[in-house]
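Undergrad: Structure file my_file28.cif (mmCIF, C-alpha atoms and all ligand atoms) is given on the next line.
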data_protein
loop_
_atom_site.label_atom_id
_atom_site.label_comp_id
_atom_site.auth_asym_id
_atom_site.auth_seq_id
_atom_site.Cartn_x
_atom_site.Cartn_y
_atom_site.Cartn_z
CA MET W 14 -9.24 4.04 -38.23
CA LYS W 15 -5.50 4.35 -38.01
CA GLY W 16 -3.15 2.65 -35.58
CA LEU W 17 -0.83 4.43 -33.20
CA THR W 18 2.67 3.76 -31.87
CA ILE W 19 4.92 5.71 -29.51
CA ILE W 20 8.18 6.13 -31.42
CA GLY W 21 10.27 8.31 -29.10
CA SER W 22 10.60 9.55 -25.54
CA GLY W 23 12.58 12.25 -23.75
CA SER W 24 12.76 13.93 -20.37
CA ALA W 25 14.37 16.85 -18.58
CA VAL W 26 14.68 18.12 -15.02
CA PRO W 27 16.22 21.37 -13.77
CA ASP W 28 19.84 21.31 -12.53
CA GLN W 29 19.09 22.38 -8.97
CA LEU W 30 18.84 19.43 -6.59
CA LEU W 31 16.93 19.73 -3.31
CA SER W 32 17.52 16.85 -0.88
CA ASN W 33 15.41 15.86 2.11
CA ARG W 34 18.23 17.22 4.26
CA ASP W 35 17.98 20.60 2.45
CA LEU W 36 14.23 20.63 3.16
CA SER W 37 14.85 20.04 6.85
CA ALA W 38 16.66 23.40 6.87
CA ILE W 39 13.56 25.08 5.39
CA VAL W 40 10.71 23.47 7.40
CA ASP W 41 10.40 21.29 10.50
CA THR W 42 10.90 17.90 8.83
CA SER W 43 13.52 15.18 8.52
CA ASP W 44 15.05 12.91 5.91
CA GLU W 45 13.69 9.95 7.88
CA TRP W 46 10.09 11.27 7.94
CA ILE W 47 10.00 12.11 4.23
CA GLU W 48 11.61 8.89 3.05
CA SER W 49 9.60 6.57 5.29
CA ARG W 50 6.24 8.24 4.46
CA THR W 51 6.79 8.86 0.74
CA GLY W 52 9.89 7.06 -0.57
CA MET W 53 11.33 10.40 -1.71
CA LYS W 54 14.99 11.26 -1.14
CA GLU W 55 15.53 14.20 -3.45
CA ARG W 56 13.91 16.25 -6.17
CA TYR W 57 14.91 18.99 -8.64
CA VAL W 58 13.57 22.54 -8.56
CA SER W 59 13.59 25.24 -11.23
CA LEU W 60 15.34 28.50 -10.44
CA SER W 61 13.32 31.70 -10.65
CA GLN W 62 14.56 32.59 -14.14
CA GLU W 63 13.85 29.12 -15.57
CA THR W 64 10.63 28.59 -17.48
CA LEU W 65 8.23 25.73 -18.05
CA ALA W 66 8.57 26.17 -21.82
CA GLN W 67 12.38 25.69 -21.56
CA LEU W 68 11.98 22.48 -19.57
CA ALA W 69 9.25 21.12 -21.85
CA ALA W 70 11.29 22.01 -24.96
CA LYS W 71 14.35 20.11 -23.66
CA ALA W 72 12.32 16.95 -23.12
CA SER W 73 10.59 17.39 -26.50
CA ILE W 74 13.80 17.74 -28.51
CA LYS W 75 15.07 14.45 -27.04
CA ALA W 76 11.78 12.66 -27.83
CA ILE W 77 11.73 13.96 -31.42
CA SER W 78 15.35 12.93 -31.90
CA MET W 79 14.71 9.38 -30.59
CA ALA W 80 11.77 9.19 -33.01
CA GLY W 81 14.17 9.96 -35.87
CA LEU W 82 12.13 13.02 -36.82
CA THR W 83 12.77 16.75 -37.00
CA PRO W 84 10.59 19.37 -35.23
CA GLU W 85 9.12 20.32 -38.60
CA ASP W 86 7.66 16.81 -38.92
CA ILE W 87 5.42 17.40 -35.87
CA ASP W 88 1.74 18.08 -36.68
CA LEU W 89 0.30 18.52 -33.18
CA ILE W 90 1.70 19.39 -29.75
CA VAL W 91 -0.36 18.71 -26.62
CA LEU W 92 1.24 20.12 -23.47
CA ALA W 93 -0.19 18.75 -20.23
CA THR W 94 0.58 21.20 -17.47
CA SER W 95 -1.02 22.95 -14.52
CA THR W 96 1.85 25.41 -14.20
CA PRO W 97 2.14 27.28 -17.50
CA ASP W 98 4.39 30.33 -17.76
CA ASP W 99 1.38 32.07 -19.26
CA LEU W 100 -2.22 31.50 -18.19
CA PHE W 101 -3.20 31.67 -21.88
CA GLY W 102 -1.05 28.59 -22.42
CA SER W 103 2.60 27.65 -22.89
CA ALA W 104 2.34 25.09 -25.71
CA CYS W 105 2.93 27.74 -28.41
CA GLN W 106 6.11 28.83 -26.63
CA VAL W 107 7.30 25.22 -26.73
CA GLN W 108 6.40 25.10 -30.44
CA ARG W 109 8.49 28.25 -31.04
CA ARG W 110 11.45 27.04 -28.97
CA ILE W 111 11.77 23.69 -30.75
CA GLY W 112 10.97 25.11 -34.19
CA ALA W 113 7.92 22.93 -34.84
CA LYS W 114 6.67 25.44 -37.40
CA ARG W 115 3.91 23.28 -38.87
CA ALA W 116 2.44 22.11 -35.57
CA VAL W 117 -0.76 23.26 -33.93
CA ALA W 118 -0.17 23.48 -30.18
CA PHE W 119 -2.38 23.72 -27.12
CA ASP W 120 -2.28 23.19 -23.36
CA LEU W 121 -4.36 20.62 -21.50
CA THR W 122 -4.93 20.81 -17.75
CA ALA W 123 -5.66 17.66 -15.77
CA ALA W 124 -3.09 18.06 -12.97
CA CYS W 125 -1.18 14.86 -12.22
CA SER W 126 -3.39 12.88 -14.62
CA GLY W 127 -2.39 15.32 -17.38
CA PHE W 128 -0.05 13.08 -19.33
CA VAL W 129 -2.57 10.21 -19.52
CA PHE W 130 -5.35 12.61 -20.54
CA ALA W 131 -3.08 14.24 -23.16
CA LEU W 132 -1.99 10.89 -24.62
CA VAL W 133 -5.61 9.77 -24.93
CA THR W 134 -6.65 13.13 -26.45
CA ALA W 135 -3.83 13.01 -28.97
CA SER W 136 -4.64 9.40 -29.85
CA GLN W 137 -8.10 10.45 -31.04
CA PHE W 138 -6.61 12.86 -33.63
CA VAL W 139 -4.19 10.17 -34.76
CA ARG W 140 -6.85 7.45 -35.02
CA GLN W 141 -9.08 9.73 -37.10
CA GLY W 142 -6.20 10.33 -39.51
CA VAL W 143 -6.13 14.08 -38.77
CA TYR W 144 -2.51 14.24 -37.59
CA HIS W 145 0.39 11.89 -38.34
CA ASN W 146 3.17 12.87 -35.88
CA VAL W 147 2.12 14.10 -32.45
CA LEU W 148 4.24 15.36 -29.57
CA ILE W 149 2.74 14.84 -26.12
CA ILE W 150 4.39 16.55 -23.17
CA GLY W 151 3.79 16.36 -19.42
CA ALA W 152 5.58 19.17 -17.62
CA ASP W 153 5.17 20.99 -14.34
CA ILE W 154 6.97 23.45 -12.08
CA LEU W 155 5.00 22.98 -8.90
CA SER W 156 7.81 24.55 -6.83
CA ARG W 157 6.22 27.86 -7.94
CA TRP W 158 2.96 26.94 -6.26
CA VAL W 159 3.76 25.17 -3.01
CA ASN W 160 3.67 27.01 0.27
CA TRP W 161 7.31 26.70 1.36
CA GLU W 162 6.21 27.13 4.98
CA ASP W 163 3.81 24.15 4.86
CA ARG W 164 5.76 20.97 5.62
CA THR W 165 2.78 18.77 4.80
CA THR W 166 2.96 19.67 1.10
CA CYS W 167 6.27 21.36 0.22
CA VAL W 168 8.32 18.19 0.73
CA LEU W 169 6.30 16.21 -1.81
CA PHE W 170 6.84 17.96 -5.12
CA GLY W 171 9.62 18.36 -7.66
CA ASP W 172 9.86 19.92 -11.13
CA GLY W 173 10.32 18.13 -14.44
CA ALA W 174 9.12 17.35 -17.94
CA GLY W 175 8.71 14.24 -20.06
CA ALA W 176 7.58 13.84 -23.66
CA VAL W 177 6.71 11.18 -26.19
CA VAL W 178 6.19 11.25 -29.94
CA CYS W 179 3.33 9.16 -31.39
CA GLN W 180 2.92 8.27 -35.03
CA SER W 181 -0.07 6.96 -36.97
CA SER W 182 0.15 3.75 -38.96
CA GLU W 183 -2.02 1.99 -41.55
CA THR W 184 -0.79 -1.44 -40.48
CA GLU W 185 0.13 -1.46 -36.79
CA ASP W 186 -1.74 -0.40 -33.64
CA ASN W 187 0.09 -0.39 -30.33
CA PHE W 188 -2.33 1.79 -28.36
CA LEU W 189 -4.52 -0.87 -26.79
CA GLY W 190 -7.05 0.82 -24.53
CA PHE W 191 -7.78 3.46 -21.91
CA GLU W 192 -10.19 4.65 -19.25
CA LEU W 193 -10.49 8.23 -17.93
CA CYS W 194 -12.46 9.48 -14.89
CA SER W 195 -13.28 12.74 -13.12
CA ASP W 196 -15.10 13.60 -9.90
CA GLY W 197 -15.54 17.28 -9.15
CA THR W 198 -17.27 16.54 -5.86
CA LEU W 199 -13.83 15.66 -4.47
CA ASN W 200 -12.23 18.90 -5.67
CA SER W 201 -11.51 20.21 -2.18
CA SER W 202 -9.18 17.25 -1.46
CA LEU W 203 -6.53 18.81 -3.68
CA ASN W 204 -6.67 22.18 -5.36
CA LEU W 205 -4.91 25.42 -6.22
CA THR W 206 -7.67 27.95 -6.34
CA TYR W 207 -8.06 31.49 -7.59
CA VAL W 208 -9.29 33.85 -4.91
CA SER W 209 -11.12 36.87 -6.18
CA GLU W 210 -11.27 40.30 -4.53
CA PRO W 211 -13.88 42.79 -5.75
CA LEU W 212 -12.51 45.65 -7.86
CA ASN W 213 -15.02 48.48 -8.26
CA LEU W 214 -15.08 49.72 -11.85
CA MET W 215 -18.08 51.98 -11.40
CA GLU W 216 -21.25 52.09 -9.35
CA ASN W 217 -22.87 48.60 -9.28
CA ILE W 218 -20.08 47.04 -11.31
CA SER W 219 -17.27 45.33 -9.51
CA VAL W 220 -15.19 42.73 -11.30
CA GLY W 221 -12.89 40.17 -9.72
CA SER W 222 -9.21 40.87 -9.26
CA GLY W 223 -7.16 38.41 -7.32
CA GLY W 224 -4.59 35.65 -7.56
CA TYR W 225 -3.95 31.96 -7.18
CA GLN W 226 -3.25 30.56 -3.72
CA SER W 227 -0.76 27.78 -3.01
CA ILE W 228 -1.44 24.02 -3.20
CA ASN W 229 -4.05 22.89 -0.71
CA MET W 230 -4.18 19.17 -0.03
CA LYS W 231 -5.87 16.78 2.38
CA GLY W 232 -3.18 14.13 2.21
CA LYS W 233 -5.06 11.25 3.78
CA GLU W 234 -8.11 11.78 1.53
CA VAL W 235 -5.95 11.79 -1.59
CA TYR W 236 -4.09 8.70 -0.39
CA ARG W 237 -7.32 6.74 0.18
CA PHE W 238 -8.74 7.90 -3.17
CA ALA W 239 -5.60 6.80 -5.03
CA VAL W 240 -5.29 3.31 -3.56
CA GLU W 241 -8.98 2.64 -4.20
CA LYS W 242 -9.50 4.18 -7.64
CA VAL W 243 -6.19 3.52 -9.42
CA PRO W 244 -6.38 -0.32 -9.40
CA GLU W 245 -10.02 -0.04 -10.59
CA VAL W 246 -9.21 2.23 -13.51
CA ILE W 247 -6.27 0.06 -14.58
CA GLU W 248 -8.53 -3.03 -14.53
CA LYS W 249 -11.07 -1.18 -16.70
CA ALA W 250 -8.40 -0.06 -19.19
CA LEU W 251 -7.09 -3.64 -19.34
CA HIS W 252 -10.62 -4.93 -19.95
CA ARG W 253 -11.03 -2.48 -22.85
CA SER W 254 -7.71 -3.75 -24.21
CA ASN W 255 -8.84 -7.40 -23.98
CA LEU W 256 -5.98 -8.02 -21.55
CA THR W 257 -5.59 -8.94 -17.89
CA VAL W 258 -3.09 -7.99 -15.19
CA LYS W 259 -1.01 -11.04 -16.19
CA ASP W 260 -0.31 -9.39 -19.56
CA ILE W 261 1.32 -6.30 -18.02
CA ASP W 262 5.10 -6.22 -18.47
CA TRP W 263 5.54 -2.78 -16.84
CA LEU W 264 3.34 -0.67 -14.61
CA ILE W 265 4.18 3.03 -14.53
CA LEU W 266 2.06 4.95 -12.02
CA HIS W 267 2.08 8.63 -11.31
CA GLN W 268 4.94 8.98 -8.83
CA ALA W 269 3.17 10.55 -5.84
CA ASN W 270 4.06 8.23 -2.98
CA GLN W 271 5.97 4.91 -2.92
CA ARG W 272 3.39 3.53 -0.48
CA ILE W 273 0.61 4.27 -3.00
CA ILE W 274 2.64 2.60 -5.78
CA ASP W 275 3.26 -0.50 -3.62
CA SER W 276 -0.33 -0.71 -2.48
CA VAL W 277 -1.72 -0.46 -6.04
CA ALA W 278 0.64 -3.22 -7.19
CA VAL W 279 -0.46 -5.46 -4.30
CA ARG W 280 -4.16 -4.80 -5.00
CA LEU W 281 -3.62 -5.67 -8.67
CA GLY W 282 -1.65 -8.79 -7.72
CA LEU W 283 1.31 -7.55 -9.76
CA ASN W 284 4.84 -8.58 -8.86
CA LYS W 285 6.89 -5.59 -7.72
CA ASP W 286 9.66 -6.29 -10.22
CA LYS W 287 7.19 -5.18 -12.91
CA VAL W 288 6.66 -1.79 -11.28
CA ILE W 289 8.78 1.14 -12.36
CA SER W 290 9.57 3.70 -9.68
CA ASN W 291 11.93 6.68 -9.65
CA ILE W 292 10.17 8.67 -6.94
CA ALA W 293 13.27 8.61 -4.71
CA LYS W 294 15.12 10.80 -7.23
CA TYR W 295 12.44 13.19 -8.47
CA GLY W 296 9.55 13.41 -5.98
CA ASN W 297 6.12 14.13 -7.44
CA THR W 298 6.63 16.01 -10.73
CA SER W 299 2.88 16.07 -11.47
CA ALA W 300 2.18 15.76 -15.22
CA GLY W 301 5.90 15.08 -15.75
CA SER W 302 6.13 11.99 -13.59
CA ILE W 303 4.86 9.23 -15.91
CA PRO W 304 6.76 10.27 -19.05
CA ILE W 305 9.95 10.89 -17.02
CA ALA W 306 9.71 7.38 -15.52
CA LEU W 307 8.91 5.91 -18.96
CA ASP W 308 11.85 7.68 -20.59
CA GLU W 309 14.21 6.64 -17.82
CA ALA W 310 13.15 2.97 -18.12
CA VAL W 311 13.62 3.18 -21.89
CA GLY W 312 17.09 4.72 -21.37
CA GLN W 313 18.00 1.84 -19.03
CA SER W 314 16.84 -0.67 -21.69
CA LEU W 315 14.35 -2.13 -19.19
CA ILE W 316 11.50 -1.78 -21.68
CA LYS W 317 11.79 -4.04 -24.71
CA PRO W 318 9.92 -3.94 -28.03
CA GLY W 319 6.60 -5.77 -27.63
CA ASP W 320 6.33 -5.11 -23.89
CA VAL W 321 2.86 -4.20 -22.65
CA ILE W 322 2.94 -1.05 -20.52
CA ALA W 323 0.15 0.15 -18.23
CA ILE W 324 0.31 3.80 -17.16
CA SER W 325 -1.99 5.43 -14.64
CA GLY W 326 -2.25 8.99 -13.39
CA PHE W 327 -4.34 10.51 -10.61
CA GLY W 328 -4.62 13.86 -8.96
CA ALA W 329 -6.41 17.18 -8.66
CA GLY W 330 -9.85 17.64 -10.13
CA LEU W 331 -10.08 14.99 -8.95
CA THR W 332 -9.08 13.15 -12.11
CA TRP W 333 -7.67 9.71 -12.75
CA GLY W 334 -7.07 7.49 -15.73
CA ALA W 335 -5.10 4.65 -17.25
CA ALA W 336 -3.82 3.74 -20.70
CA ILE W 337 -2.37 0.49 -22.01
CA PHE W 338 0.07 0.38 -24.91
CA ARG W 339 2.65 -1.91 -26.46
CA TRP W 340 6.17 -0.62 -26.80
CA GLY W 341 6.95 -0.58 -30.48
CA ILE W 342 10.44 0.82 -30.78
CA ASN W 343 13.59 -1.17 -31.19
CA TYR W 344 16.03 1.36 -29.78
CA GLY W 345 18.89 -1.07 -28.96
N1 LIG F 1 7.76 16.27 8.29
C1 LIG F 1 7.52 15.84 9.55
N2 LIG F 1 6.28 15.64 10.03
C2 LIG F 1 5.25 15.86 9.20
C3 LIG F 1 5.43 16.31 7.89
C4 LIG F 1 6.74 16.52 7.45
N3 LIG F 1 7.02 16.94 6.19
N4 LIG F 1 4.22 16.45 7.32
C5 LIG F 1 3.30 16.08 8.24
N5 LIG F 1 3.94 15.75 9.38
C6 LIG F 1 3.35 15.28 10.62
C7 LIG F 1 1.91 15.71 10.80
O1 LIG F 1 1.84 17.00 11.33
C8 LIG F 1 1.40 14.64 11.73
O2 LIG F 1 1.80 14.98 13.04
P1 LIG F 1 0.84 14.68 14.30
O3 LIG F 1 0.67 13.19 14.30
O4 LIG F 1 1.62 15.20 15.44
O5 LIG F 1 -0.43 15.40 14.03
C9 LIG F 1 2.18 13.39 11.35
O6 LIG F 1 3.32 13.85 10.61
C10 LIG F 1 1.41 12.44 10.49
O7 LIG F 1 0.82 13.18 9.46
P2 LIG F 1 -0.17 12.52 8.44
O8 LIG F 1 -0.74 13.57 7.56
O9 LIG F 1 -1.08 11.60 9.19
O10 LIG F 1 0.84 11.62 7.61
P3 LIG F 1 0.53 10.53 6.53
O11 LIG F 1 1.06 9.22 6.94
O12 LIG F 1 -0.90 10.59 6.04
O13 LIG F 1 1.44 11.03 5.30
C11 LIG F 1 1.30 12.16 3.23
C12 LIG F 1 1.20 12.28 4.74
C13 LIG F 1 1.02 13.52 2.62
C14 LIG F 1 2.72 11.72 2.87
C15 LIG F 1 0.29 11.09 2.73
O14 LIG F 1 -0.98 11.32 3.30
C16 LIG F 1 0.16 11.09 1.25
O15 LIG F 1 1.10 10.79 0.53
N6 LIG F 1 -1.03 11.40 0.71
C17 LIG F 1 -1.23 11.46 -0.71
C18 LIG F 1 -0.70 12.75 -1.21
C19 LIG F 1 -0.52 12.77 -2.71
O16 LIG F 1 -0.18 11.77 -3.29
N7 LIG F 1 -0.71 13.93 -3.29
C20 LIG F 1 -0.51 14.16 -4.67
C21 LIG F 1 -1.53 13.50 -5.49
S1 LIG F 1 -1.27 13.91 -7.14
#
Represent the structure of the file as structure tokens.

TA:
Amino acid sequence: MKGLTIIGSGSAVPDQLLSNRDLSAIVDTSDEWIESRTGMKERYVSLSQETLAQLAAKASIKAISMAGLTPEDIDLIVLATSTPDDLFGSACQVQRRIGAKRAVAFDLTAACSGFVFALVTASQFVRQGVYHNVLIIGADILSRWVNWEDRTTCVLFGDGAGAVVCQSSETEDNFLGFELCSDGTLNSSLNLTYVSEPLNLMENISVGSGGYQSINMKGKEVYRFAVEKVPEVIEKALHRSNLTVKDIDWLILHQANQRIIDSVAVRLGLNKDKVISNIAKYGNTSAGSIPIALDEAVGQSLIKPGDVIAISGFGAGLTWGAAIFRWGINYG
């Protein structure tokens, strides 16, 4: 079995800023309500002509460059997204845009847990010695899928992408453990469903022809689920890593609500100066949120080589998971 180390990170958000004050001109809300309930102050949204593949490619190029590699060194691309430009997948468009000619590329859908699920999926290929350099991207443009007349959801989301590059090693292993969970019985708490209308092809044969609706969320249910399940899954991932909460240098949670982040830290007994949060600036960027926060903390030199990082995502499905890794790069 081979070892695995993250050797580069990158992130990208669209240029267009949307503040809480801007939102109060769109729906009946206020800066005060949004900030006090969620911790969000602003977020970025993609314009209609901007694509998910563009955003994901920008983040990827930065991650590959930090890793000291070229796109042609990449063997595998896993794109975690729920908002592809193409329902058949957008990973190959990212592959084309960055010029990763040798890479096999595919999409993975696990909503806001997507980055954690993609990192764990990619790690299996690396451990087995199948692929050496792997690009893992979390990217979403949820502004395409919120109902801009529904104040209970449209204020929560922003667009963005983050990426990391992992490399296999014969001698060093910095991917310490993980735990992934799913519960389809809770699907109706948060979903974005396809609604089918019958289309008659001929007598007795009618196929479905419809479209996706906008995000549907029962906020309180999701809140309760997150504060209960996220500490549990982090504890399990730590156990698998032969570590305890005391060993965590940095906790990076999916950035969905500052109150959820605070509550998880309290339940874990983790000091808040070990918790990374950038929700005020970006809102909930779904699969993008963890790698954007990671990349930002790396850029600010908060994360040092040898630091133990716990990441945890949760969201639609419902899905949730955590992964523990040691930061291996000396970028200073
Ligand atoms: N602006 C102003 N008022 C709003 C509002 C908005 N944007 N959205 C809802 N309200 C109102 C409600 O209508 C309600 O009014 P009422 O008391 O007159 O009925 C009141 O604010 C309280 O709403 P409630 O839903 O109880 O608020 P809350 O404290 O549960 O916060 C969320 C709502 C969505 C912020 C919170 O439940 C949450 O963050 N849940 C988790 C969501 C999440 O993380 N989703 C993504 C997971 S990946």

Undergrad: Which residue out of W:Val107, W:Leu214, W:Val58, W:Ala335 has the minimum interatomic distance to Glu192 in chain W when only C-alpha atoms are used?

TA: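 For Glu192 in chain W, the nearest of the given residues is W:Ala335.
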
Undergrad: I want to know what sits within 6 Å of range 16-24 of chain W, based on only C-alpha atoms, with residues of the same chain fewer than 2 positions away left out; could you give that as a list in words?

TA: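 Within the cut-off, the hits are Ala72, Lys75, Ala76, Met79, Ala80, Ala174, Gly175, Ala176, Val177, Val178, Cys179, Gln180, Ser181, Ser182, Glu185, Asp186, Asn187, Phe188, Ile305, Asp308 and Ile342 of chain W.
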
Undergrad: Within 9 Å of Ser195 in chain W, counting only C-alpha atoms, which residues show up once you throw out same-chain ones fewer than 6 positions away? Write them as an MDAnalysis selection string, please.

TA: chainID W and resid 330:334

Undergrad: Would you save the residues from that selection as an mmCIF file, in the coordinates of the input, using C-alpha atoms?

TA:
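What landed in out-v1.cif:
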data_model
loop_
_atom_site.group_PDB
_atom_site.id
_atom_site.type_symbol
_atom_site.label_atom_id
_atom_site.label_comp_id
_atom_site.auth_asym_id
_atom_site.auth_seq_id
_atom_site.Cartn_x
_atom_site.Cartn_y
_atom_site.Cartn_z
ATOM 1 C CA GLY W 330 -9.850 17.640 -10.130
ATOM 2 C CA LEU W 331 -10.080 14.990 -8.950
ATOM 3 C CA THR W 332 -9.080 13.150 -12.110
ATOM 4 C CA TRP W 333 -7.670 9.710 -12.750
ATOM 5 C CA GLY W 334 -7.070 7.490 -15.730
#

Undergrad: Please provide the set of residues having any atom within 10 Å of Arg253 in chain W, restricted to all atoms listed in the file, with same-chain residues fewer than 6 positions apart removed, written as JSON, numbers by chain.

TA: {"W": [189, 190, 191, 192, 247, 336, 337]}

Undergrad: For the selection you just gave me, I'd like the residues written to a file as a short mmCIF file (atom, residue, chain, number, x, y, z; two decimals), keeping the file's coordinate frame, keeping C-alpha atoms.

TA:
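Now in again29.cif:
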data_model
loop_
_atom_site.label_atom_id
_atom_site.label_comp_id
_atom_site.auth_asym_id
_atom_site.auth_seq_id
_atom_site.Cartn_x
_atom_site.Cartn_y
_atom_site.Cartn_z
CA LEU W 189 -4.52 -0.87 -26.79
CA GLY W 190 -7.05 0.82 -24.53
CA PHE W 191 -7.78 3.46 -21.91
CA GLU W 192 -10.19 4.65 -19.25
CA ILE W 247 -6.27 0.06 -14.58
CA ALA W 336 -3.82 3.74 -20.70
CA ILE W 337 -2.37 0.49 -22.01
#

Undergrad: Counting only C-alpha atoms and all ligand atoms, what residues are within 9 Å of ligand LIG 1 (chain F), given as a JSON list (two decimals) with C-alpha atoms, keeping the file's coordinate frame?

TA:
[["chain", "number", "residue", "atom", "x", "y", "z"],
["W", 36, "LEU", "CA", 14.23, 20.63, 3.16],
["W", 37, "SER", "CA", 14.85, 20.04, 6.85],
["W", 40, "VAL", "CA", 10.71, 23.47, 7.40],
["W", 41, "ASP", "CA", 10.40, 21.29, 10.50],
["W", 42, "THR", "CA", 10.90, 17.90, 8.83],
["W", 43, "SER", "CA", 13.52, 15.18, 8.52],
["W", 44, "ASP", "CA", 15.05, 12.91, 5.91],
["W", 45, "GLU", "CA", 13.69, 9.95, 7.88],
["W", 46, "TRP", "CA", 10.09, 11.27, 7.94],
["W", 47, "ILE", "CA", 10.00, 12.11, 4.23],
["W", 49, "SER", "CA", 9.60, 6.57, 5.29],
["W", 50, "ARG", "CA", 6.24, 8.24, 4.46],
["W", 51, "THR", "CA", 6.79, 8.86, 0.74],
["W", 124, "ALA", "CA", -3.09, 18.06, -12.97],
["W", 125, "CYS", "CA", -1.18, 14.86, -12.22],
["W", 126, "SER", "CA", -3.39, 12.88, -14.62],
["W", 163, "ASP", "CA", 3.81, 24.15, 4.86],
["W", 164, "ARG", "CA", 5.76, 20.97, 5.62],
["W", 165, "THR", "CA", 2.78, 18.77, 4.80],
["W", 166, "THR", "CA", 2.96, 19.67, 1.10],
["W", 167, "CYS", "CA", 6.27, 21.36, 0.22],
["W", 168, "VAL", "CA", 8.32, 18.19, 0.73],
["W", 169, "LEU", "CA", 6.30, 16.21, -1.81],
["W", 170, "PHE", "CA", 6.84, 17.96, -5.12],
["W", 203, "LEU", "CA", -6.53, 18.81, -3.68],
["W", 230, "MET", "CA", -4.18, 19.17, -0.03],
["W", 231, "LYS", "CA", -5.87, 16.78, 2.38],
["W", 232, "GLY", "CA", -3.18, 14.13, 2.21],
["W", 233, "LYS", "CA", -5.06, 11.25, 3.78],
["W", 234, "GLU", "CA", -8.11, 11.78, 1.53],
["W", 235, "VAL", "CA", -5.95, 11.79, -1.59],
["W", 236, "TYR", "CA", -4.09, 8.70, -0.39],
["W", 237, "ARG", "CA", -7.32, 6.74, 0.18],
["W", 238, "PHE", "CA", -8.74, 7.90, -3.17],
["W", 239, "ALA", "CA", -5.60, 6.80, -5.03],
["W", 267, "HIS", "CA", 2.08, 8.63, -11.31],
["W", 268, "GLN", "CA", 4.94, 8.98, -8.83],
["W", 269, "ALA", "CA", 3.17, 10.55, -5.84],
["W", 270, "ASN", "CA", 4.06, 8.23, -2.98],
["W", 271, "GLN", "CA", 5.97, 4.91, -2.92],
["W", 272, "ARG", "CA", 3.39, 3.53, -0.48],
["W", 273, "ILE", "CA", 0.61, 4.27, -3.00],
["W", 297, "ASN", "CA", 6.12, 14.13, -7.44],
["W", 298, "THR", "CA", 6.63, 16.01, -10.73],
["W", 299, "SER", "CA", 2.88, 16.07, -11.47],
["W", 300, "ALA", "CA", 2.18, 15.76, -15.22],
["W", 326, "GLY", "CA", -2.25, 8.99, -13.39],
["W", 327, "PHE", "CA", -4.34, 10.51, -10.61],
["W", 328, "GLY", "CA", -4.62, 13.86, -8.96],
["W", 329, "ALA", "CA", -6.41, 17.18, -8.66]]

Undergrad: What does the distance from CA of Asn200 in chain W to CA of Ser227 in chain W come to in Å, to one decimal?

TA: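 Going from CA of Asn200 in chain W over to CA of Ser227 in chain W covers 14.7 Å.
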
Undergrad: Report, in Å with one decimal, the straight-line distance from CA of Asn229 in chain W to CA of Thr122 in chain W.

TA: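 CA of Asn229 in chain W sits 17.2 Å away from CA of Thr122 in chain W.
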
Undergrad: Record the distance separating CA of Asp35 in chain W and CA of Ser202 in chain W, expressed in Å with one decimal.

TA: 27.6 Å

Undergrad: Dump as a ChimeraX atom specification all residues having an atom at most 12 Å from (14.8, 0.9, -15.9), computed in the file's coordinates with all atoms listed in the file.

TA: /W:263-265,286-291,305-317

Undergrad: Select, from W:Val133, W:Ala69, W:Ala278, W:Ala93, the residue with the minimum atom-to-atom distance to Arg109 in chain W, counting all atoms listed in the file.

TA: W:Ala69

Undergrad: Counting all atoms listed in the file, figure out which residue out of W:Met53, W:Leu212, W:Ile228, W:Ile292 gets nearest to Glu162 in chain W.

TA: W:Ile228
